[in-house]
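One file, entry_24.pdb, carrying PDB, C-alpha atoms and all ligand atoms:
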ATOM      1  CA  MET H 719      -3.074 -15.431  -6.953
ATOM      2  CA  ALA H 720       0.266 -14.329  -8.316
ATOM      3  CA  PHE H 721       2.870 -11.899  -7.101
ATOM      4  CA  ILE H 722       2.708  -8.315  -8.338
ATOM      5  CA  LYS H 723       4.804  -7.438 -11.338
ATOM      6  CA  TRP H 724       5.498  -3.713 -11.501
ATOM      7  CA  THR H 725       4.576  -2.257 -14.877
ATOM      8  CA  ASP H 726       3.947   1.262 -16.162
ATOM      9  CA  GLN H 727       0.253   0.660 -15.510
ATOM     10  CA  PHE H 728       1.037   1.342 -11.862
ATOM     11  CA  SER H 729       2.877   4.585 -12.505
ATOM     12  CA  VAL H 730       1.272   7.792 -11.283
ATOM     13  CA  GLY H 731       3.870   9.749 -13.253
ATOM     14  CA  ILE H 732       5.710  11.069 -10.187
ATOM     15  CA  VAL H 733       9.074   9.461  -9.428
ATOM     16  CA  GLU H 734       9.068   9.780  -5.627
ATOM     17  CA  ILE H 735       5.574   8.308  -5.329
ATOM     18  CA  ASP H 736       6.256   5.518  -7.825
ATOM     19  CA  ASN H 737       9.358   4.616  -5.803
ATOM     20  CA  GLN H 738       7.320   4.486  -2.601
ATOM     21  CA  HIS H 739       4.713   2.294  -4.295
ATOM     22  CA  LYS H 740       7.514  -0.002  -5.480
ATOM     23  CA  VAL H 741       8.624  -0.451  -1.848
ATOM     24  CA  LEU H 742       5.071  -1.525  -0.941
ATOM     25  CA  VAL H 743       4.891  -3.911  -3.909
ATOM     26  CA  LYS H 744       8.223  -5.416  -2.853
ATOM     27  CA  LEU H 745       6.914  -6.030   0.661
ATOM     28  CA  ILE H 746       3.824  -7.796  -0.655
ATOM     29  CA  ASN H 747       5.971  -9.910  -2.971
ATOM     30  CA  LYS H 748       8.195 -10.817  -0.015
ATOM     31  CA  LEU H 749       5.116 -12.249   1.672
ATOM     32  CA  PHE H 750       4.240 -14.093  -1.549
ATOM     33  CA  ASP H 751       7.727 -15.650  -1.713
ATOM     34  CA  ALA H 752       7.531 -16.660   1.942
ATOM     35  CA  MET H 753       4.155 -18.324   1.318
ATOM     36  CA  ALA H 754       5.643 -20.259  -1.591
ATOM     37  CA  ASP H 755       8.449 -21.442   0.728
ATOM     38  CA  GLY H 756       6.046 -22.333   3.552
ATOM     39  CA  GLN H 757       7.622 -19.617   5.718
ATOM     40  CA  ALA H 758       4.875 -17.018   5.639
ATOM     41  CA  ASN H 759       3.757 -17.288   9.247
ATOM     42  CA  ILE H 760       7.339 -16.736  10.387
ATOM     43  CA  ILE H 761       7.618 -13.380   8.648
ATOM     44  CA  LEU H 762       3.971 -12.281   8.712
ATOM     45  CA  ASN H 763       4.417 -10.152  11.801
ATOM     46  CA  GLU H 764       7.454  -8.444  10.293
ATOM     47  CA  ILE H 765       5.524  -7.786   7.044
ATOM     48  CA  LEU H 766       2.550  -6.324   8.918
ATOM     49  CA  ASN H 767       4.806  -4.105  11.036
ATOM     50  CA  GLU H 768       6.745  -2.880   8.054
ATOM     51  CA  MET H 769       3.558  -2.357   6.042
ATOM     52  CA  ALA H 770       2.077  -0.297   8.895
ATOM     53  CA  ARG H 771       5.289   1.730   9.273
ATOM     54  CA  TYR H 772       5.954   2.384   5.607
ATOM     55  CA  THR H 773       2.379   3.181   4.623
ATOM     56  CA  GLN H 774       2.410   5.941   7.274
ATOM     57  CA  VAL H 775       5.429   7.428   5.516
ATOM     58  CA  HIS H 776       3.872   7.010   2.101
ATOM     59  CA  PHE H 777       0.404   8.249   3.014
ATOM     60  CA  ALA H 778       1.962  11.292   4.679
ATOM     61  CA  THR H 779       3.765  12.112   1.415
ATOM     62  CA  GLU H 780       0.522  12.042  -0.548
ATOM     63  CA  GLU H 781      -1.507  13.837   2.093
ATOM     64  CA  LYS H 782       1.056  16.659   2.383
ATOM     65  CA  CYS H 783       0.620  17.237  -1.346
ATOM     66  CA  PHE H 784      -3.180  17.148  -1.041
ATOM     67  CA  ALA H 785      -2.971  19.994   1.457
ATOM     68  CA  ALA H 786      -0.338  21.945  -0.462
ATOM     69  CA  PHE H 787      -2.208  21.695  -3.777
ATOM     70  CA  ASN H 788      -5.759  21.899  -2.404
ATOM     71  CA  TYR H 789      -6.548  18.576  -4.021
ATOM     72  CA  GLU H 790     -10.315  18.282  -4.261
ATOM     73  CA  GLY H 791     -10.461  14.495  -3.772
ATOM     74  CA  SER H 792      -8.463  14.570  -0.578
ATOM     75  CA  GLU H 793     -11.174  13.751   1.953
ATOM     76  CA  ALA H 794     -12.306  10.485   0.371
ATOM     77  CA  HIS H 795      -8.709   9.550  -0.361
ATOM     78  CA  ILE H 796      -7.577  10.091   3.227
ATOM     79  CA  ASP H 797     -10.517   7.932   4.361
ATOM     80  CA  GLU H 798      -9.237   5.105   2.167
ATOM     81  CA  HIS H 799      -5.781   5.449   3.748
ATOM     82  CA  GLN H 800      -7.300   5.308   7.222
ATOM     83  CA  GLN H 801      -9.373   2.240   6.383
ATOM     84  CA  PHE H 802      -6.241   0.514   5.131
ATOM     85  CA  ILE H 803      -4.360   1.309   8.362
ATOM     86  CA  ASP H 804      -7.319   0.074  10.435
ATOM     87  CA  THR H 805      -7.420  -3.223   8.540
ATOM     88  CA  VAL H 806      -3.677  -3.795   8.902
ATOM     89  CA  MET H 807      -3.990  -3.097  12.640
ATOM     90  CA  LYS H 808      -6.832  -5.636  12.889
ATOM     91  CA  PHE H 809      -4.662  -8.240  11.183
ATOM     92  CA  LYS H 810      -1.874  -7.451  13.657
ATOM     93  CA  THR H 811      -4.243  -7.892  16.588
ATOM     94  CA  ARG H 812      -5.460 -11.230  15.246
ATOM     95  CA  PHE H 813      -1.908 -12.396  14.639
ATOM     96  CA  GLU H 814      -0.848 -11.372  18.140
ATOM     97  CA  ALA H 815      -3.868 -13.222  19.568
ATOM     98  CA  GLY H 816      -2.485 -16.409  18.079
ATOM     99  CA  ASN H 817      -4.356 -16.574  14.794
ATOM    100  CA  ILE H 818      -1.376 -17.406  12.660
ATOM    101  CA  VAL H 819      -3.222 -18.924   9.704
ATOM    102  CA  LEU H 820      -3.641 -15.544   8.144
ATOM    103  CA  SER H 821      -0.952 -15.203   5.492
ATOM    104  CA  PHE H 822      -3.089 -15.805   2.422
ATOM    105  CA  GLU H 823      -5.876 -13.577   3.707
ATOM    106  CA  VAL H 824      -3.367 -10.805   4.402
ATOM    107  CA  PHE H 825      -1.709 -11.287   1.017
ATOM    108  CA  LYS H 826      -5.046 -11.161  -0.811
ATOM    109  CA  PHE H 827      -6.087  -8.025   1.044
ATOM    110  CA  LEU H 828      -2.761  -6.199   0.553
ATOM    111  CA  LYS H 829      -2.508  -7.075  -3.101
ATOM    112  CA  SER H 830      -6.042  -6.150  -4.094
ATOM    113  CA  TRP H 831      -6.066  -3.006  -1.957
ATOM    114  CA  LEU H 832      -2.785  -1.713  -3.345
ATOM    115  CA  VAL H 833      -3.497  -2.550  -6.974
ATOM    116  CA  ASN H 834      -6.980  -1.015  -6.839
ATOM    117  CA  HIS H 835      -5.914   2.000  -4.801
ATOM    118  CA  ILE H 836      -2.935   2.891  -6.985
ATOM    119  CA  GLN H 837      -4.766   2.360 -10.252
ATOM    120  CA  GLY H 838      -7.920   4.037  -9.024
ATOM    121  CA  SER H 839      -7.594   6.687  -6.340
ATOM    122  CA  ASP H 840      -3.882   7.463  -6.651
ATOM    123  CA  LYS H 841      -3.976   7.946 -10.401
ATOM    124  CA  LYS H 842      -6.714  10.528  -9.960
ATOM    125  CA  TYR H 843      -4.307  12.988  -8.290
ATOM    126  CA  SER H 844      -1.598  12.680 -10.985
ATOM    127  CA  GLU H 845      -2.872  15.536 -13.085
ATOM    128  CA  CYS H 846      -3.179  17.849 -10.074
ATOM    129  CA  PHE H 847       0.272  16.995  -8.680
ATOM    130  CA  ILE H 848       1.967  17.292 -12.084
ATOM    131  CA  ALA H 849       0.225  20.610 -12.737
ATOM    132  CA  ASN H 850       1.741  21.790  -9.439
ATOM    133  CA  GLY H 851       5.252  20.928 -10.582
ATOM    134  CA  LEU H 852       5.846  17.389  -9.357
ATOM    135  CA  LYS H 853       7.492  14.945 -11.738
TER     136      LYS H 853
HETATM  137 FE1  LIG B 901      -0.362   5.604  -2.749
HETATM  138 FE2  LIG B 901      -3.042   6.807  -1.696
HETATM  139  O1  LIG B 901      -1.679   5.666  -1.553
END
Take the structure in this file and express it as structure tokens.
Ligand code: FEO
Amino acid sequence: MAFIKWTDQFSVGIVEIDNQHKVLVKLINKLFDAMADGQANIILNEILNEMARYTQVHFATEEKCFAAFNYEGSEAHIDEHQQFIDTVMKFKTRFEAGNIVLSFEVFKFLKSWLVNHIQGSDKKYSECFIANGLK
């Protein structure tokens, strides 16, 4: 499973949100690099903490727009965000309980969740956000 290369396929057409997604991609790639160097378990806790912290910031950005623009897909989308946070928290708990052989599982989860979420659910709000003046 390779690192994530940012391409226009990931763009939702809104600069601020694309930039936030790029931060998340960079974090996942940092974990990938650490795995390649055999250092993943050393930085896994830091990655999970930063992922938990930054996704709160990012999800809040999207969810504020859902409310402001009365986005019709908001409920299901917010559920997906919550499920992501719950899973990251479960990984943190397992890591803190001493299960340190988690890096690849975490990487696989983060990568597939982000790629599928951005290209699926996030792209669905593009038209609504752009119609409300975001660019
Ligand atoms: Fe970009 Fe819905 O997370």
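For stretch 740-756 of chain H, the list of residues within 7 Å, based on all atoms listed in the file and with local chain neighbours fewer than 3 positions off taken out, reads Phe721, Ile722, Asp736, Asn737, Ile765, Phe825, Leu828 and Lys829 of chain H.
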Have a look at H:Ile796, H:Ile732, H:Leu820, H:Val806 and name the one nearest to H:Glu845; count only C-alpha atoms.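 The closest residue to H:Glu845 is H:Ile732.
Minimum atom-to-atom distance to H:Thr779, evaluated using all atoms listed in the file, belongs to H:His799 out of H:His799, H:Ala758, H:Gln727, H:Leu832.
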Test item: residues no farther than 12 Å from ligand LIG 901 (chain B), counting all atoms listed in the file, as number ranges by chain: H: 728-730, 732, 734-743, 772-784, 791-803, 831-844
Looking at H:Ala770, H:Lys723, H:Ile760, H:Ala786, which one is nearest to H:Leu852, with distances taken over all atoms listed in the file? H:Ala786
What residues come out when you apply the PyMOL selection byres (((chain H and resi 809) around 10) and not hetatm) to this file, written as number ranges by chain? H: 762-763, 766, 803-808, 810-815, 817-818, 820-821, 823-824
Point-to-point distance in Å for atom CA of H:Thr725 and atom CA of H:Gln757: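 According to the coordinates, atom CA of H:Gln757 and atom CA of H:Thr725 are separated by 27.1 Å.
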Between atom CA of H:Cys846 and atom CA of H:Trp724, measure the distance and give it in Å to one decimal. 23.3 Å
If the box runs along x, y and z of the file and leaves 6 Å on each side of stretch 757-764 of chain H, what are its centre and edge lengths in Å, one decimal, as JSON?
{"center_x": 5.7, "center_y": -14.0, "center_z": 8.7, "size_x": 15.9, "size_y": 23.2, "size_z": 18.2}
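Take atom CA of H:Phe847 and atom CA of H:Gly731: the distance between them is 9.3 Å.
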